[in-house]
Amino acid sequence: MKTFLSLMITIFMASSIYAQNIIPIPHETSENTTWVGEEKEYFSDIWQTPVVTNVSVPTMELFQPENPNGVSVIIAPGGGLYALSIESEGTAVAKWLNKKGITAFVLKYRLVPTGEDGVKEISEEGATNPQRIGQRVAPVMPLSIADGLSAITYVRSNASSLKLDPNKIGFMGFSAGGAVTMGVTYNYGEANRPDFIVPVYPWTTVLPVQPAPKNAPPMLVICASDDPLGLASGSVELYSSWLKIQKPVGLHMYAKGGHGFGMKKQGLPSDDWIQLFYDWAVAENIVIPSK
C-alpha cells in the first residue's frame with residue numbers, strides 16, 4: 001500500500017511540476033477560424049519526428065537552466081502552420097540553450113485547424129493543390145503573430161519573478177516559426193519588442209520581406225543554399241534589409257543543409273548552427289559567458 005501511495009505522490013508531483021511549466025498565453029478569439037477537437041501530439045511517420053497539430057489555445061512550455069544568466073529565448077517551431085516540429089525545432093533547442101544558462105520558452109502558437117493528421121494534410125495539399133495551403137494559412141498567420149507578441153509581453157512582465165533581464169528577451173523561429181518571428185518584429189510595440197531575433201530558414205514566401213523597423217533589434221539569419229523551398233534568396237533579402245539601415249545583423253548561409261534541419265544530425269556543418277548562434281550572442285554582448 002505504501003509503495004502504491006508513494007508512486008501516486010511521485011506521479012502527482014511530476015504532473016504538478018509539468019503543469020507549472022505550461023504557461024497559458026492571453027489571446028483574443030477569432031471569428032474567422034474554428035477548430036474542432038483538441039490539439040494533437042504524435043510522432044509523424046511522414047516527417048519522422050514528433051509534432052503537435054490543431055493548436056487552438058496558445059501556450060508556452062518553460063525550460064529553466066540550473067544557473068540562469070538572465071537571457072531568455074522564445075522558440076517558435078516550424079511546420080507550415082499546419083504543425084509544430086516540437087522536438088527538433090522546440091524542446092531540443094530549449095534544452096541545448098539551458099546548458100548555456102539561457103532560459104527558454106517553447107511556444108505553441110495557433111495553427112491551421114486540421115483533422116487526425118495535419119502533416120498528412122499539408123503533404124497531400126503540397127503535392128496536389130499548393131494554393132490551398134496559402135488559403136488556409138492566410139487567416140491564421142495574424143493569430144500566430146499575435147501569440148508571439150503576447151508571449152514576449154508575458155516574459156517581460158514576469159521577468160523579475162523568472163530572474164530574467166527584461167532587456168534580453170530573444171525570439172527564435174524556424175520556417176513558419178521564422179515567419180512568426182518576422183511578423184512579431186514588424187508589428188511590435190513598446191511592451192513586446194524582441195531584444196534580438198533569430199529567423200532560421202524563415203518562410204519568406206508566406207510573409208514577404210518588409211523594410212526593417214527603425215528600431216530593429218539585432219538579427220542573425222540562418223539558412224542553407226540548397227533549401228528545397230527556395231528560401232535562401234529570402235534570407236539574403238532579409239539580411240540586406242537590416243544592413244541597409246545599418247542595424248546589427250549576421251547571416252550564415254550553409255552550402256548544404258536542406259530545409260527543416262533544426263537539431264537533427266545530418267553529418268553536415270549545419271549541424272552546428274546553434275553553437276554559431278551562441279557565439280554570435282556572445283559577440284553581440286547579449287550573453288556574457290561565466291568565468
# chains A, B, ... in the order shown; residues from 1 in each chain; ligands from 1

$ residues_around --residues "range 100-106 of chain A" --least-positions-apart "6" --cutoff "6 Å" --atoms "only C-alpha atoms" --output "PyMOL selection string"
chain A and resi 60-65+67-69+71-75+90+94

$ write_last_selection --atoms "C-alpha atoms" --output "PDB file, in the first residue's frame"
ATOM      1  CA  MET A  60       4.422  28.136 -23.737  1.00  0.00           C
ATOM      2  CA  GLU A  61       6.494  25.488 -22.016  1.00  0.00           C
ATOM      3  CA  LEU A  62       9.160  26.911 -19.729  1.00  0.00           C
ATOM      4  CA  PHE A  63      12.650  25.368 -19.655  1.00  0.00           C
ATOM      5  CA  GLN A  64      14.838  26.766 -16.879  1.00  0.00           C
ATOM      6  CA  PRO A  65      18.606  26.238 -16.618  1.00  0.00           C
ATOM      7  CA  ASN A  67      22.359  28.565 -13.484  1.00  0.00           C
ATOM      8  CA  PRO A  68      20.335  31.187 -15.395  1.00  0.00           C
ATOM      9  CA  ASN A  69      22.274  34.100 -16.859  1.00  0.00           C
ATOM     10  CA  VAL A  71      18.966  35.813 -21.107  1.00  0.00           C
ATOM     11  CA  SER A  72      15.789  34.223 -22.473  1.00  0.00           C
ATOM     12  CA  VAL A  73      14.659  32.963 -25.859  1.00  0.00           C
ATOM     13  CA  ILE A  74      11.117  32.298 -27.039  1.00  0.00           C
ATOM     14  CA  ILE A  75      11.241  29.438 -29.558  1.00  0.00           C
ATOM     15  CA  GLY A  90      11.470  23.197 -29.994  1.00  0.00           C
ATOM     16  CA  ALA A  94      15.469  24.691 -25.386  1.00  0.00           C
TER      17      ALA A  94
END

$ select_by_dssp --residues "range 185-289 of chain A" --states "alpha helix (DSSP H)" --output "PyMOL selection string"
chain A and resi 185-187+232-244+273-283

$ write_last_selection --atoms "N, CA, C and O atoms" --output "CSV table (one decimal), in the first residue's frame"
chain,number,residue,atom,x,y,z
A,185,THR,N,8.4,41.0,-35.3
A,185,THR,CA,9.4,42.1,-35.5
A,185,THR,C,8.8,43.2,-36.3
A,185,THR,O,9.2,44.4,-36.0
A,186,TYR,N,7.9,43.0,-37.2
A,186,TYR,CA,7.3,44.0,-38.0
A,186,TYR,C,6.1,44.7,-37.3
A,186,TYR,O,5.6,45.7,-37.7
A,187,ASN,N,5.7,44.1,-36.2
A,187,ASN,CA,4.4,44.6,-35.6
A,187,ASN,C,4.6,44.9,-34.1
A,187,ASN,O,3.6,45.1,-33.4
A,232,ALA,N,16.5,30.5,-49.5
A,232,ALA,CA,17.8,31.1,-49.4
A,232,ALA,C,17.8,32.6,-49.9
A,232,ALA,O,18.3,33.5,-49.2
A,233,SER,N,17.1,32.8,-51.0
A,233,SER,CA,17.1,34.2,-51.5
A,233,SER,C,16.3,35.2,-50.6
A,233,SER,O,16.7,36.3,-50.4
A,234,GLY,N,15.3,34.7,-49.9
A,234,GLY,CA,14.5,35.5,-49.0
A,234,GLY,C,15.4,35.8,-47.8
A,234,GLY,O,15.3,36.9,-47.2
A,235,SER,N,16.2,34.8,-47.3
A,235,SER,CA,17.0,35.1,-46.2
A,235,SER,C,18.1,36.1,-46.5
A,235,SER,O,18.4,37.0,-45.6
A,236,VAL,N,18.6,36.1,-47.7
A,236,VAL,CA,19.6,37.1,-48.1
A,236,VAL,C,18.9,38.5,-48.2
A,236,VAL,O,19.5,39.5,-47.7
A,237,GLU,N,17.7,38.5,-48.7
A,237,GLU,CA,16.9,39.8,-48.8
A,237,GLU,C,16.7,40.3,-47.4
A,237,GLU,O,16.7,41.5,-47.1
A,238,LEU,N,16.4,39.4,-46.5
A,238,LEU,CA,16.1,39.8,-45.1
A,238,LEU,C,17.4,40.5,-44.5
A,238,LEU,O,17.3,41.5,-43.8
A,239,TYR,N,18.5,39.8,-44.6
A,239,TYR,CA,19.7,40.3,-44.2
A,239,TYR,C,20.0,41.7,-44.7
A,239,TYR,O,20.4,42.6,-44.0
A,240,SER,N,19.8,41.8,-46.0
A,240,SER,CA,20.1,43.1,-46.7
A,240,SER,C,19.2,44.2,-46.2
A,240,SER,O,19.6,45.4,-46.1
A,241,SER,N,18.0,43.9,-45.8
A,241,SER,CA,17.1,45.0,-45.3
A,241,SER,C,17.6,45.5,-44.0
A,241,SER,O,17.4,46.7,-43.7
A,242,TRP,N,18.2,44.7,-43.1
A,242,TRP,CA,18.8,45.2,-41.9
A,242,TRP,C,20.1,46.0,-42.2
A,242,TRP,O,20.4,47.0,-41.6
A,243,LEU,N,20.9,45.4,-43.1
A,243,LEU,CA,22.2,46.1,-43.5
A,243,LEU,C,21.9,47.5,-44.1
A,243,LEU,O,22.7,48.4,-43.8
A,244,LYS,N,20.8,47.6,-44.8
A,244,LYS,CA,20.5,48.9,-45.5
A,244,LYS,C,20.4,50.0,-44.5
A,244,LYS,O,20.8,51.2,-44.8
A,273,TRP,N,24.7,24.8,-36.2
A,273,TRP,CA,24.2,26.1,-36.3
A,273,TRP,C,24.0,26.8,-35.0
A,273,TRP,O,24.1,28.0,-34.8
A,274,ILE,N,23.5,26.0,-34.0
A,274,ILE,CA,23.1,26.6,-32.7
A,274,ILE,C,24.3,27.0,-31.9
A,274,ILE,O,24.3,28.0,-31.2
A,275,GLN,N,25.5,26.4,-32.1
A,275,GLN,CA,26.7,26.9,-31.5
A,275,GLN,C,27.1,28.2,-32.1
A,275,GLN,O,27.6,29.2,-31.5
A,276,LEU,N,26.9,28.3,-33.5
A,276,LEU,CA,27.1,29.6,-34.2
A,276,LEU,C,26.2,30.7,-33.6
A,276,LEU,O,26.7,31.8,-33.4
A,277,PHE,N,25.0,30.4,-33.3
A,277,PHE,CA,24.1,31.4,-32.7
A,277,PHE,C,24.6,31.8,-31.3
A,277,PHE,O,24.7,33.0,-31.0
A,278,TYR,N,25.1,30.9,-30.5
A,278,TYR,CA,25.6,31.2,-29.2
A,278,TYR,C,26.9,32.1,-29.4
A,278,TYR,O,27.0,33.1,-28.6
A,279,ASP,N,27.7,31.8,-30.3
A,279,ASP,CA,28.9,32.6,-30.5
A,279,ASP,C,28.5,34.0,-30.9
A,279,ASP,O,29.2,35.0,-30.5
A,280,TRP,N,27.5,34.1,-31.8
A,280,TRP,CA,27.0,35.4,-32.2
A,280,TRP,C,26.5,36.2,-31.0
A,280,TRP,O,26.7,37.4,-30.9
A,281,ALA,N,25.7,35.5,-30.2
A,281,ALA,CA,25.1,36.2,-29.0
A,281,ALA,C,26.2,36.7,-28.0
A,281,ALA,O,26.0,37.8,-27.4
A,282,VAL,N,27.3,36.0,-27.9
A,282,VAL,CA,28.4,36.4,-27.1
A,282,VAL,C,29.0,37.6,-27.7
A,282,VAL,O,29.4,38.6,-27.0
A,283,ALA,N,29.3,37.6,-29.0
A,283,ALA,CA,29.9,38.7,-29.7
A,283,ALA,C,29.1,40.0,-29.7
A,283,ALA,O,29.6,41.1,-29.6

$ select_by_dssp --residues "range 221-281 of chain A" --states "strand (DSSP E or B)" --output "number ranges by chain"
A: 221-224, 249-254

$ write_last_selection --atoms "C-alpha atoms" --output "compact mmCIF listing (two decimals), in the first residue's frame"
# COMPACT_ATOMS: atom_id res chain seq x y z
CA VAL A 221 19.62 34.77 -40.11
CA ILE A 222 20.41 31.11 -40.69
CA CYS A 223 19.58 29.13 -43.84
CA ALA A 224 21.01 26.72 -46.42
CA VAL A 249 22.85 41.74 -38.41
CA GLY A 250 24.52 38.47 -39.29
CA LEU A 251 23.83 35.88 -41.95
CA HIS A 252 25.10 32.34 -42.14
CA MET A 253 24.22 30.53 -45.33
CA TYR A 254 25.30 26.88 -45.34

$ closest_residue --among "A:Leu231, A:Ile245, A:Val36, A:Ala176" --to "Ala212 in chain A" --atoms "only C-alpha atoms"
A:Ile245

$ residues_around --residues "Gly257 in chain A" --least-positions-apart "3" --cutoff "8 Å" --atoms "only C-alpha atoms" --output "count of residues only"
11

$ atom_distance --atom1 "CA of Val180 in chain A" --atom2 "CA of Val200 in chain A"
11.1 Å

$ decode --residues "range 22-63 of chain A" --atoms "N, CA and C atoms" --output "tab-separated table (two decimals), in the first residue's frame"
chain	number	residue	atom	x	y	z
A	22	ILE	N	3.83	24.91	-17.92
A	22	ILE	CA	2.98	25.24	-19.07
A	22	ILE	C	2.29	26.57	-18.79
A	23	ILE	N	2.56	27.55	-19.63
A	23	ILE	CA	2.08	28.91	-19.42
A	23	ILE	C	1.02	29.25	-20.45
A	24	PRO	N	-0.21	29.53	-20.04
A	24	PRO	CA	-1.24	29.96	-20.99
A	24	PRO	C	-0.89	31.34	-21.55
A	25	ILE	N	-1.13	31.54	-22.83
A	25	ILE	CA	-0.86	32.82	-23.48
A	25	ILE	C	-2.19	33.57	-23.67
A	26	PRO	N	-2.32	34.76	-23.10
A	26	PRO	CA	-3.55	35.54	-23.32
A	26	PRO	C	-3.79	35.78	-24.81
A	27	HIS	N	-5.01	35.60	-25.25
A	27	HIS	CA	-5.30	35.78	-26.68
A	27	HIS	C	-6.78	36.08	-26.88
A	28	GLU	N	-7.06	36.76	-27.97
A	28	GLU	CA	-8.43	37.03	-28.36
A	28	GLU	C	-8.91	35.93	-29.28
A	29	THR	N	-10.16	35.55	-29.13
A	29	THR	CA	-10.70	34.51	-30.00
A	29	THR	C	-10.91	35.07	-31.41
A	30	SER	N	-10.95	34.17	-32.37
A	30	SER	CA	-11.11	34.57	-33.77
A	30	SER	C	-12.49	34.21	-34.28
A	31	GLU	N	-13.10	35.14	-34.97
A	31	GLU	CA	-14.41	34.87	-35.56
A	31	GLU	C	-14.30	34.18	-36.91
A	32	ASN	N	-13.08	34.21	-37.49
A	32	ASN	CA	-12.90	33.67	-38.84
A	32	ASN	C	-12.34	32.26	-38.87
A	33	THR	N	-11.90	31.75	-37.72
A	33	THR	CA	-11.28	30.43	-37.68
A	33	THR	C	-11.90	29.60	-36.57
A	34	THR	N	-12.29	28.37	-36.90
A	34	THR	CA	-12.91	27.48	-35.92
A	34	THR	C	-12.15	26.16	-35.88
A	35	TRP	N	-11.82	25.74	-34.69
A	35	TRP	CA	-11.13	24.46	-34.51
A	35	TRP	C	-12.11	23.42	-33.97
A	36	VAL	N	-11.93	22.20	-34.38
A	36	VAL	CA	-12.75	21.08	-33.88
A	36	VAL	C	-11.83	20.12	-33.14
A	37	GLY	N	-12.13	19.82	-31.90
A	37	GLY	CA	-11.30	18.90	-31.13
A	37	GLY	C	-10.10	19.58	-30.50
A	38	GLU	N	-9.33	18.79	-29.74
A	38	GLU	CA	-8.17	19.30	-29.03
A	38	GLU	C	-6.93	19.27	-29.91
A	39	GLU	N	-5.86	19.92	-29.43
A	39	GLU	CA	-4.58	19.80	-30.13
A	39	GLU	C	-4.08	18.37	-30.01
A	40	LYS	N	-3.28	17.96	-30.99
A	40	LYS	CA	-2.79	16.58	-31.05
A	40	LYS	C	-1.27	16.57	-31.03
A	41	GLU	N	-0.72	15.60	-30.32
A	41	GLU	CA	0.73	15.42	-30.30
A	41	GLU	C	1.03	13.97	-30.64
A	42	TYR	N	1.87	13.75	-31.65
A	42	TYR	CA	2.15	12.38	-32.09
A	42	TYR	C	3.45	12.36	-32.89
A	43	PHE	N	3.92	11.16	-33.16
A	43	PHE	CA	5.10	11.01	-34.00
A	43	PHE	C	4.64	10.93	-35.45
A	44	SER	N	5.14	11.83	-36.27
A	44	SER	CA	4.77	11.84	-37.69
A	44	SER	C	5.66	10.90	-38.47
A	45	ASP	N	5.06	9.88	-39.06
A	45	ASP	CA	5.82	8.97	-39.91
A	45	ASP	C	6.29	9.67	-41.18
A	46	ILE	N	5.54	10.68	-41.61
A	46	ILE	CA	5.89	11.39	-42.84
A	46	ILE	C	7.13	12.25	-42.61
A	47	TRP	N	7.16	12.99	-41.52
A	47	TRP	CA	8.30	13.86	-41.22
A	47	TRP	C	9.34	13.18	-40.35
A	48	GLN	N	9.01	12.01	-39.82
A	48	GLN	CA	9.92	11.25	-38.96
A	48	GLN	C	10.38	12.07	-37.75
A	49	THR	N	9.41	12.69	-37.10
A	49	THR	CA	9.72	13.50	-35.91
A	49	THR	C	8.44	13.75	-35.13
A	50	PRO	N	8.52	13.98	-33.82
A	50	PRO	CA	7.33	14.33	-33.03
A	50	PRO	C	6.77	15.68	-33.47
A	51	VAL	N	5.45	15.77	-33.55
A	51	VAL	CA	4.79	17.00	-33.97
A	51	VAL	C	3.59	17.29	-33.07
A	52	VAL	N	3.16	18.55	-33.12
A	52	VAL	CA	1.91	18.99	-32.49
A	52	VAL	C	1.07	19.64	-33.58
A	53	THR	N	-0.22	19.34	-33.62
A	53	THR	CA	-1.12	19.92	-34.62
A	53	THR	C	-2.39	20.44	-33.97
A	54	ASN	N	-3.16	21.19	-34.74
A	54	ASN	CA	-4.50	21.66	-34.35
A	54	ASN	C	-4.47	22.50	-33.07
A	55	VAL	N	-3.46	23.35	-32.93
A	55	VAL	CA	-3.38	24.21	-31.75
A	55	VAL	C	-4.38	25.35	-31.87
A	56	SER	N	-5.31	25.42	-30.92
A	56	SER	CA	-6.31	26.50	-30.90
A	56	SER	C	-6.12	27.42	-29.70
A	57	VAL	N	-5.43	26.92	-28.67
A	57	VAL	CA	-5.17	27.71	-27.46
A	57	VAL	C	-3.66	27.81	-27.28
A	58	PRO	N	-3.09	28.99	-27.47
A	58	PRO	CA	-1.63	29.12	-27.40
A	58	PRO	C	-1.10	28.96	-25.97
A	59	THR	N	0.05	28.29	-25.87
A	59	THR	CA	0.73	28.11	-24.59
A	59	THR	C	2.23	28.17	-24.81
A	60	MET	N	2.96	28.26	-23.70
A	60	MET	CA	4.42	28.14	-23.74
A	60	MET	C	4.85	27.12	-22.69
A	61	GLU	N	5.88	26.35	-23.01
A	61	GLU	CA	6.49	25.49	-22.02
A	61	GLU	C	7.82	26.10	-21.59
A	62	LEU	N	7.98	26.27	-20.30
A	62	LEU	CA	9.16	26.91	-19.73
A	62	LEU	C	10.26	25.88	-19.47
A	63	PHE	N	11.47	26.19	-19.92
A	63	PHE	CA	12.65	25.37	-19.65
A	63	PHE	C	13.67	26.25	-18.94
